[in-house]
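Enquirer: Have a look at this one.
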Amino acid sequence: MANKTDNGLAKTLAAMDRARRAPREAIMPALKKSGEELAHHQKLLAETSRDTGALIDSIAVTMPGQSTPAYSQPGGSRVAGETEVIVTAGNSDVRYAHLVEYGTFEADAQPFFWPALRLLRKRLQNRINRATKKAVKDAWNKQ
């Protein structure tokens, strides 16, 4: 009876295991860069609604394992997953980001959050996809 290494099964299983683990570490730079780029563009768009600058200063990038600011939009405070970067607007001092984004009965909407995401979504996703594919390919081909 032939052993597993004779038909390459052991090498294939090892490569599959490396490929499964590799993307988490390798995509972190792409995730960080994408989060920072999105936040930058949101800040640029929020500039049109500048009053004190507090809203712009409240736009934050939360890295994996970190907690988003309390009262941040969208979704309030939560911990980012291990392969997740979260961009939020608002904090305990700036509780009005959603009012600027959507407007109120007395004030027109001045969207900054979602337009930046819609503008950059494809670019950011492509960056992350490229990093993931490269990580899997490199891990698979590693001896």
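Chain identifiers are assigned as A, B, and so on, following the order in which chains appear in the structure tokens; residues are numbered from 1 within each chain, and ligands are numbered from 1 in order of appearance.
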Just want the 12 Å neighbourhood of Ser72 of chain A, counted on only C-alpha atoms, with same-chain residues fewer than 3 positions away dropped. Output as an mmCIF file with C-alpha atoms, in the first residue's frame.
Expert:
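And here is the file that came out, part-v5.cif:
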data_model
loop_
_atom_site.group_PDB
_atom_site.id
_atom_site.type_symbol
_atom_site.label_atom_id
_atom_site.label_comp_id
_atom_site.auth_asym_id
_atom_site.auth_seq_id
_atom_site.Cartn_x
_atom_site.Cartn_y
_atom_site.Cartn_z
ATOM 1 C CA LEU A 55 -17.671 65.900 12.866
ATOM 2 C CA SER A 58 -14.979 62.074 14.755
ATOM 3 C CA ILE A 59 -14.538 59.995 11.577
ATOM 4 C CA ALA A 60 -12.479 57.056 12.781
ATOM 5 C CA VAL A 61 -10.980 53.814 11.496
ATOM 6 C CA THR A 62 -11.321 50.903 13.916
ATOM 7 C CA SER A 67 -14.003 48.792 19.754
ATOM 8 C CA THR A 68 -15.718 51.503 17.711
ATOM 9 C CA PRO A 69 -16.507 54.767 19.505
ATOM 10 C CA GLY A 75 -24.449 50.893 14.460
ATOM 11 C CA GLY A 76 -22.961 52.289 17.629
ATOM 12 C CA SER A 77 -20.175 50.680 19.589
ATOM 13 C CA ARG A 78 -18.987 47.188 18.688
ATOM 14 C CA ILE A 86 -14.791 49.637 10.469
ATOM 15 C CA VAL A 87 -15.074 53.298 9.517
ATOM 16 C CA THR A 88 -17.471 55.307 11.682
ATOM 17 C CA ALA A 89 -18.570 58.896 12.177
ATOM 18 C CA GLY A 90 -19.558 60.317 15.528
ATOM 19 C CA ASN A 91 -18.625 59.631 19.121
ATOM 20 C CA SER A 92 -19.773 60.542 22.618
ATOM 21 C CA ASP A 93 -19.188 64.246 21.863
ATOM 22 C CA VAL A 94 -20.488 64.190 18.277
ATOM 23 C CA ARG A 95 -23.881 62.517 18.366
ATOM 24 C CA TYR A 96 -25.254 64.207 15.262
ATOM 25 C CA ALA A 97 -23.414 62.562 12.341
ATOM 26 C CA HIS A 98 -26.641 60.930 11.148
ATOM 27 C CA PHE A 113 -20.612 59.018 4.750
#
Enquirer: I need the residues of chain A that end up classed as helix (DSSP H, G or I) by DSSP on the backbone, written out as a ChimeraX atom specification.
Expert: /A:4-7,9-26,28-49,54-58,97-102,113-141
Enquirer: Near segment 134-137 of chain A, counting only C-alpha atoms, which residues have an atom at most 7 Å away, once you skip same-chain residues fewer than 2 positions from it, shown as number ranges by chain?
Expert: A: 19, 22-23, 26, 130-132, 139-141
Enquirer: When you count only C-alpha atoms, which of these residues is closest to Arg21 of chain A: A:Tyr71, A:Gly65, A:Asp138, A:Ser49?
Expert: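 Among the listed residues, A:Asp138 lies closest to Arg21 of chain A.
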Enquirer: Using only C-alpha atoms, which of the listed residues (A:Gly81, A:Gly53, A:Gly8, A:Pro29) sits closest to Arg127 of chain A?
Expert: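 Checking each of A:Gly81, A:Gly53, A:Gly8, A:Pro29 against Arg127 of chain A, counting only C-alpha atoms, the winner is A:Pro29.
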Enquirer: Pick the closest to Arg121 of chain A from A:Ala54, A:Leu38, A:Ala10, A:Leu45: which is it, counting only C-alpha atoms?
Expert: A:Leu38
Enquirer: To one decimal place, how far is atom CA of Ala39 of chain A from atom CA of Leu99 of chain A in Å?
Expert: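 Atom-to-atom, atom CA of Ala39 of chain A to atom CA of Leu99 of chain A, that is 18.3 Å.
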Enquirer: May I ask which of the residues A:Val85, A:His40, A:Gln73, A:Asp17 is the closest one to Tyr102 of chain A, counting only C-alpha atoms?
Expert: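 Of all the options, A:Gln73 lies closest to Tyr102 of chain A.
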Enquirer: Taking only C-alpha atoms into account, name the residue in A:Glu101, A:Leu31, A:Val79, A:Gln42 that is nearest to Gln66 of chain A.
Expert: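 Counting only C-alpha atoms, the residue closest to Gln66 of chain A is A:Val79.
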Enquirer: Counting only C-alpha atoms, which residue out of A:Ala80, A:Pro64, A:Asp108, A:Asp57 sits closest to Glu25 of chain A?
Expert: A:Pro64
